[in-house]
Amino acid sequence: MGPGSRHDVLDDHFGHWNWLKYYSMGHTLMRKYKAGIRLRNVQTEAHRGFTASIGAAKTEEWESTCVKWETDNTYPRKTPSPFVSDSIGSSIAISEAEVRKELAEEERVRVVEGGVTLHETSASGFLVLGLELEDTQRRISKLAMADKSHTPTHDASLVEQRNSFRTKLKSWVQLRAIYMPGLLQYLTNLHTELPSSSSIPSPHPENEDLWLPSQLPVEHRQKACILGLSEMEVKLRTARCHDALEDLRHVLRLKTRMIQFKNANIRGQKNSTRSRAIIDRVHDRARGFTEKYRVSRGRLLELCGPGDWEKTLRPLLDRD
């Protein structure tokens, strides 16, 4: 067979396969069309039942909101999207990033007006670093309890993260002496009053107390911290609670969708085990956001005490 004949044979094969593809496309489209009709009926019935359950007034309000958003031709659209959760961007539940921006702007205005700068890291930056260290402590504690077999890879990762955390903690402690100047006296008095055995430091850095303003008693908080530090932590803790709830909702929706996909499409022990492992990792993320919310809410309760804010940020239980 010469080169020309070889190319002709290959072209014939390619053309034949393309013809088979186009020929069978009608059967494929008909199968997908029938499946689409069935799913269309399911969604239509679900939409009808949901519409009947919410009432005509709410339905009309939602439809007008969607029509207003769809007919907004400006770019970017000025009309709020009805498909975004109300907790995002509202005046009540602002995100942690927005709070950090607000605190940074307040710090800039204070410096412009002649205020004194105690350190190149601002007070809000000091608190943000402390909250990040708090998250790191929870992550290291989870890693320490994750694998009871203590494989060399697990132990190496744990030691590396602890060493990195110790380095960050040393830098943060230096900042703490600036923004919480009365903390040293408080700890000295605390160790004097408590038995000596309770003052022995933990060998693991993830168990050390960071001594943020929320960890101090109310009667000592103002003496130990600079003016306004506790109020900054209140804003950051509130924003972290809302962020944790929003992240938790997103992860739970993702987990629900993954379970539905697994039940509808995954077959066989190997693929089922692999998909189950992925779903378990997603569930671990949900547990992490849950713990973040509970810790932040507990600290917020220490800072503010009982109040109207508890109507919005309620205790998060496992059955929820």
# chains A, B, ... in the order shown; residues from 1 in each chain; ligands from 1

$ residues_around --residues "A:Glu206" --least-positions-apart "2" --cutoff "8 Å" --atoms "only C-alpha atoms" --output "list in words"
Thr136, Gln137, Arg138, Ile140, Ser141, Arg162, His204 and Glu208 of chain A

$ write_last_selection --atoms "N, CA and C atoms" --output "compact mmCIF listing (two decimals), in the first residue's frame"
# COMPACT_ATOMS: atom_id res chain seq x y z
N THR A 136 -5.74 28.24 63.29
CA THR A 136 -4.64 27.31 63.11
C THR A 136 -4.56 26.33 64.28
N GLN A 137 -4.84 26.80 65.47
CA GLN A 137 -4.84 25.90 66.63
C GLN A 137 -5.88 24.80 66.47
N ARG A 138 -7.07 25.16 66.00
CA ARG A 138 -8.11 24.13 65.81
C ARG A 138 -7.70 23.14 64.74
N ILE A 140 -4.60 22.27 63.85
CA ILE A 140 -3.53 21.40 64.35
C ILE A 140 -4.09 20.39 65.35
N SER A 141 -5.00 20.82 66.19
CA SER A 141 -5.60 19.90 67.16
C SER A 141 -6.35 18.79 66.43
N ARG A 162 3.34 22.49 63.74
CA ARG A 162 3.56 23.02 65.08
C ARG A 162 4.75 23.98 65.10
N HIS A 204 2.47 21.44 73.76
CA HIS A 204 2.01 21.62 72.40
C HIS A 204 1.45 23.03 72.21
N GLU A 208 -2.02 26.29 73.89
CA GLU A 208 -1.71 27.52 74.62
C GLU A 208 -2.83 28.55 74.46

$ closest_residue --among "A:Tyr179, A:Phe83, A:Phe165, A:Trp172" --to "A:Thr117" --atoms "only C-alpha atoms"
A:Tyr179

$ closest_residue --among "A:Val128, A:Ile266, A:Met232, A:Leu158" --to "A:Lys142" --atoms "only C-alpha atoms"
A:Leu158

$ closest_residue --among "A:Leu245, A:Leu236, A:Leu313, A:Ala224" --to "A:Arg287" --atoms "only C-alpha atoms"
A:Leu245

$ closest_residue --among "A:Glu302, A:Thr290, A:Thr256, A:Glu70" --to "A:Pro315" --atoms "only C-alpha atoms"
A:Thr290

$ residues_around --residues "A:Tyr293" --least-positions-apart "5" --cutoff "12 Å" --atoms "only C-alpha atoms" --output "PyMOL selection string"
chain A and resi 135+237-248+286-288+298-300+313-317

$ write_last_selection --atoms "C-alpha atoms" --output "PDB file, in the first residue's frame"
ATOM      1  CA  ASP A 135      -8.092  28.847  63.467  1.00  0.00           C
ATOM      2  CA  ARG A 237     -16.418  37.995  65.905  1.00  0.00           C
ATOM      3  CA  THR A 238     -19.852  38.975  64.633  1.00  0.00           C
ATOM      4  CA  ALA A 239     -18.653  38.955  61.037  1.00  0.00           C
ATOM      5  CA  ARG A 240     -16.931  35.605  61.522  1.00  0.00           C
ATOM      6  CA  CYS A 241     -20.172  34.111  62.830  1.00  0.00           C
ATOM      7  CA  HIS A 242     -22.056  35.200  59.723  1.00  0.00           C
ATOM      8  CA  ASP A 243     -19.241  34.056  57.420  1.00  0.00           C
ATOM      9  CA  ALA A 244     -19.142  30.656  59.125  1.00  0.00           C
ATOM     10  CA  LEU A 245     -22.905  30.234  58.746  1.00  0.00           C
ATOM     11  CA  GLU A 246     -22.775  31.200  55.076  1.00  0.00           C
ATOM     12  CA  ASP A 247     -19.878  28.822  54.415  1.00  0.00           C
ATOM     13  CA  LEU A 248     -21.717  26.078  56.295  1.00  0.00           C
ATOM     14  CA  ALA A 286     -18.875  21.444  57.470  1.00  0.00           C
ATOM     15  CA  ARG A 287     -17.683  20.351  60.902  1.00  0.00           C
ATOM     16  CA  GLY A 288     -14.880  22.904  60.706  1.00  0.00           C
ATOM     17  CA  GLY A 298     -18.994  31.838  72.548  1.00  0.00           C
ATOM     18  CA  ARG A 299     -16.372  34.593  72.463  1.00  0.00           C
ATOM     19  CA  LEU A 300     -19.020  37.085  71.374  1.00  0.00           C
ATOM     20  CA  LEU A 313     -26.883  34.316  66.059  1.00  0.00           C
ATOM     21  CA  ARG A 314     -28.497  31.391  67.823  1.00  0.00           C
ATOM     22  CA  PRO A 315     -26.783  28.332  69.305  1.00  0.00           C
ATOM     23  CA  LEU A 316     -25.873  25.876  66.555  1.00  0.00           C
ATOM     24  CA  LEU A 317     -26.794  22.310  67.511  1.00  0.00           C
TER      25      LEU A 317
END

$ residues_around --residues "A:Val218" --least-positions-apart "3" --cutoff "12 Å" --atoms "only C-alpha atoms" --output "compact mmCIF listing (two decimals) with all heavy atoms, in the first residue's frame"
# COMPACT_ATOMS: atom_id res chain seq x y z
N PRO A 213 -8.87 39.65 73.95
CA PRO A 213 -9.73 40.38 74.91
C PRO A 213 -10.94 39.57 75.38
O PRO A 213 -11.37 39.71 76.53
CB PRO A 213 -10.16 41.61 74.11
CG PRO A 213 -9.03 41.85 73.17
CD PRO A 213 -8.54 40.48 72.79
N SER A 214 -11.51 38.73 74.51
CA SER A 214 -12.68 37.95 74.89
C SER A 214 -12.36 36.88 75.92
O SER A 214 -13.28 36.33 76.56
CB SER A 214 -13.29 37.30 73.65
OG SER A 214 -12.33 36.50 72.97
N GLN A 215 -11.09 36.55 76.13
CA GLN A 215 -10.71 35.54 77.10
C GLN A 215 -10.45 36.12 78.48
O GLN A 215 -10.16 35.37 79.42
CB GLN A 215 -9.47 34.78 76.62
CG GLN A 215 -9.69 33.98 75.34
CD GLN A 215 -8.43 33.31 74.85
OE1 GLN A 215 -7.74 33.82 73.97
NE2 GLN A 215 -8.12 32.15 75.41
N ARG A 221 -10.76 43.48 81.58
CA ARG A 221 -10.59 43.65 80.13
C ARG A 221 -10.15 45.06 79.77
O ARG A 221 -9.21 45.25 78.99
CB ARG A 221 -11.90 43.30 79.42
CG ARG A 221 -11.77 43.15 77.91
CD ARG A 221 -13.08 42.64 77.36
NE ARG A 221 -13.42 41.34 77.90
CZ ARG A 221 -14.64 40.88 78.06
NH1 ARG A 221 -15.68 41.65 77.75
NH2 ARG A 221 -14.86 39.67 78.55
N GLN A 222 -10.80 46.06 80.33
CA GLN A 222 -10.46 47.44 80.00
C GLN A 222 -9.08 47.82 80.53
O GLN A 222 -8.38 48.65 79.93
CB GLN A 222 -11.52 48.39 80.56
CG GLN A 222 -12.92 48.16 79.98
CD GLN A 222 -12.94 48.40 78.47
OE1 GLN A 222 -12.18 49.20 77.93
NE2 GLN A 222 -13.83 47.68 77.78
N LYS A 223 -8.68 47.24 81.65
CA LYS A 223 -7.37 47.55 82.21
C LYS A 223 -6.25 46.92 81.39
O LYS A 223 -5.15 47.49 81.29
CB LYS A 223 -7.29 47.05 83.65
CG LYS A 223 -8.30 47.70 84.59
CD LYS A 223 -8.17 47.11 85.98
CE LYS A 223 -9.21 47.71 86.93
NZ LYS A 223 -9.12 47.12 88.29
N ALA A 224 -6.49 45.76 80.83
CA ALA A 224 -5.44 45.04 80.12
C ALA A 224 -5.27 45.49 78.68
O ALA A 224 -4.18 45.38 78.12
CB ALA A 224 -5.71 43.54 80.16
N CYS A 225 -6.35 46.00 78.06
CA CYS A 225 -6.33 46.31 76.62
C CYS A 225 -6.32 47.80 76.39
O CYS A 225 -6.73 48.59 77.26
CB CYS A 225 -7.54 45.70 75.92
SG CYS A 225 -7.77 43.94 76.22
N SER A 230 -11.58 45.87 72.49
CA SER A 230 -12.67 44.92 72.68
C SER A 230 -13.79 45.14 71.66
O SER A 230 -14.37 44.18 71.13
CB SER A 230 -13.23 45.04 74.10
OG SER A 230 -12.24 44.76 75.07
N LEU A 301 -20.33 36.07 73.13
CA LEU A 301 -21.14 36.08 74.35
C LEU A 301 -20.33 36.59 75.53
O LEU A 301 -20.85 37.30 76.40
CB LEU A 301 -21.68 34.68 74.63
CG LEU A 301 -22.63 34.52 75.81
CD1 LEU A 301 -23.89 35.37 75.60
CD2 LEU A 301 -23.00 33.05 76.02
N GLU A 302 -19.05 36.25 75.57
CA GLU A 302 -18.18 36.76 76.64
C GLU A 302 -17.97 38.26 76.52
O GLU A 302 -17.86 38.97 77.53
CB GLU A 302 -16.82 36.04 76.59
CG GLU A 302 -16.87 34.56 76.89
CD GLU A 302 -17.23 34.27 78.34
OE1 GLU A 302 -16.98 35.16 79.19
OE2 GLU A 302 -17.75 33.18 78.62
N LEU A 303 -17.92 38.77 75.29
CA LEU A 303 -17.67 40.19 75.08
C LEU A 303 -18.92 41.04 75.32
O LEU A 303 -18.83 42.10 75.94
CB LEU A 303 -17.17 40.42 73.65
CG LEU A 303 -15.76 39.93 73.34
CD1 LEU A 303 -15.52 39.94 71.83
CD2 LEU A 303 -14.72 40.81 74.03
N CYS A 304 -20.06 40.59 74.80
CA CYS A 304 -21.28 41.41 74.83
C CYS A 304 -22.26 41.00 75.91
O CYS A 304 -23.09 41.81 76.32
CB CYS A 304 -21.97 41.37 73.47
SG CYS A 304 -20.96 41.92 72.10
N GLY A 305 -22.22 39.75 76.33
CA GLY A 305 -23.23 39.27 77.24
C GLY A 305 -24.53 38.99 76.51
O GLY A 305 -24.65 39.22 75.30

$ closest_residue --among "A:Glu231, A:Glu134, A:Asp308, A:Glu61" --to "A:Asn207" --atoms "only C-alpha atoms"
A:Glu134

$ atom_distance --atom1 "atom CA of A:Ala104" --atom2 "atom CA of A:Glu132"
17.1 Å

$ decode --residues "stretch 53-73 of chain A" --atoms "N, CA and C atoms" --output "CSV table (one decimal), in the first residue's frame"
chain,number,residue,atom,x,y,z
A,53,SER,N,-47.5,26.7,48.5
A,53,SER,CA,-47.2,26.7,50.0
A,53,SER,C,-46.8,28.0,50.5
A,54,ILE,N,-46.3,28.9,49.6
A,54,ILE,CA,-45.8,30.2,50.2
A,54,ILE,C,-46.9,31.3,50.1
A,55,GLY,N,-47.9,31.1,49.3
A,55,GLY,CA,-49.0,32.2,49.2
A,55,GLY,C,-48.8,33.1,48.0
A,56,ALA,N,-49.9,33.7,47.6
A,56,ALA,CA,-49.9,34.5,46.4
A,56,ALA,C,-49.1,35.8,46.6
A,57,ALA,N,-49.2,36.4,47.8
A,57,ALA,CA,-48.5,37.7,48.0
A,57,ALA,C,-47.0,37.5,47.9
A,58,LYS,N,-46.4,36.5,48.6
A,58,LYS,CA,-45.0,36.3,48.5
A,58,LYS,C,-44.6,35.9,47.1
A,59,THR,N,-45.4,35.1,46.4
A,59,THR,CA,-45.1,34.8,45.0
A,59,THR,C,-45.0,36.0,44.1
A,60,GLU,N,-45.9,36.9,44.2
A,60,GLU,CA,-45.9,38.1,43.4
A,60,GLU,C,-44.7,39.0,43.7
A,61,GLU,N,-44.4,39.0,45.0
A,61,GLU,CA,-43.2,39.8,45.4
A,61,GLU,C,-41.9,39.3,44.8
A,62,TRP,N,-41.8,38.0,44.9
A,62,TRP,CA,-40.5,37.3,44.3
A,62,TRP,C,-40.5,37.5,42.8
A,63,GLU,N,-41.6,37.3,42.1
A,63,GLU,CA,-41.7,37.4,40.7
A,63,GLU,C,-41.3,38.8,40.2
A,64,SER,N,-41.8,39.8,40.9
A,64,SER,CA,-41.5,41.2,40.6
A,64,SER,C,-40.0,41.5,40.8
A,65,THR,N,-39.4,40.9,41.9
A,65,THR,CA,-38.0,41.1,42.1
A,65,THR,C,-37.1,40.5,41.0
A,66,CYS,N,-37.5,39.3,40.6
A,66,CYS,CA,-36.8,38.6,39.5
A,66,CYS,C,-36.9,39.4,38.2
A,67,VAL,N,-38.1,39.9,37.9
A,67,VAL,CA,-38.3,40.6,36.6
A,67,VAL,C,-37.5,41.9,36.6
A,68,LYS,N,-37.5,42.6,37.8
A,68,LYS,CA,-36.7,43.8,37.9
A,68,LYS,C,-35.3,43.6,37.7
A,69,TRP,N,-34.8,42.5,38.2
A,69,TRP,CA,-33.3,42.1,38.1
A,69,TRP,C,-33.0,41.8,36.6
A,70,GLU,N,-33.9,41.0,36.0
A,70,GLU,CA,-33.7,40.6,34.6
A,70,GLU,C,-33.7,41.7,33.6
A,71,THR,N,-34.5,42.7,33.9
A,71,THR,CA,-34.7,43.8,33.0
A,71,THR,C,-33.7,45.0,33.2
A,72,ASP,N,-32.8,44.8,34.2
A,72,ASP,CA,-31.8,45.8,34.5
A,72,ASP,C,-30.6,45.6,33.5
A,73,ASN,N,-30.5,46.5,32.6
A,73,ASN,CA,-29.5,46.4,31.5
A,73,ASN,C,-28.2,47.1,31.8
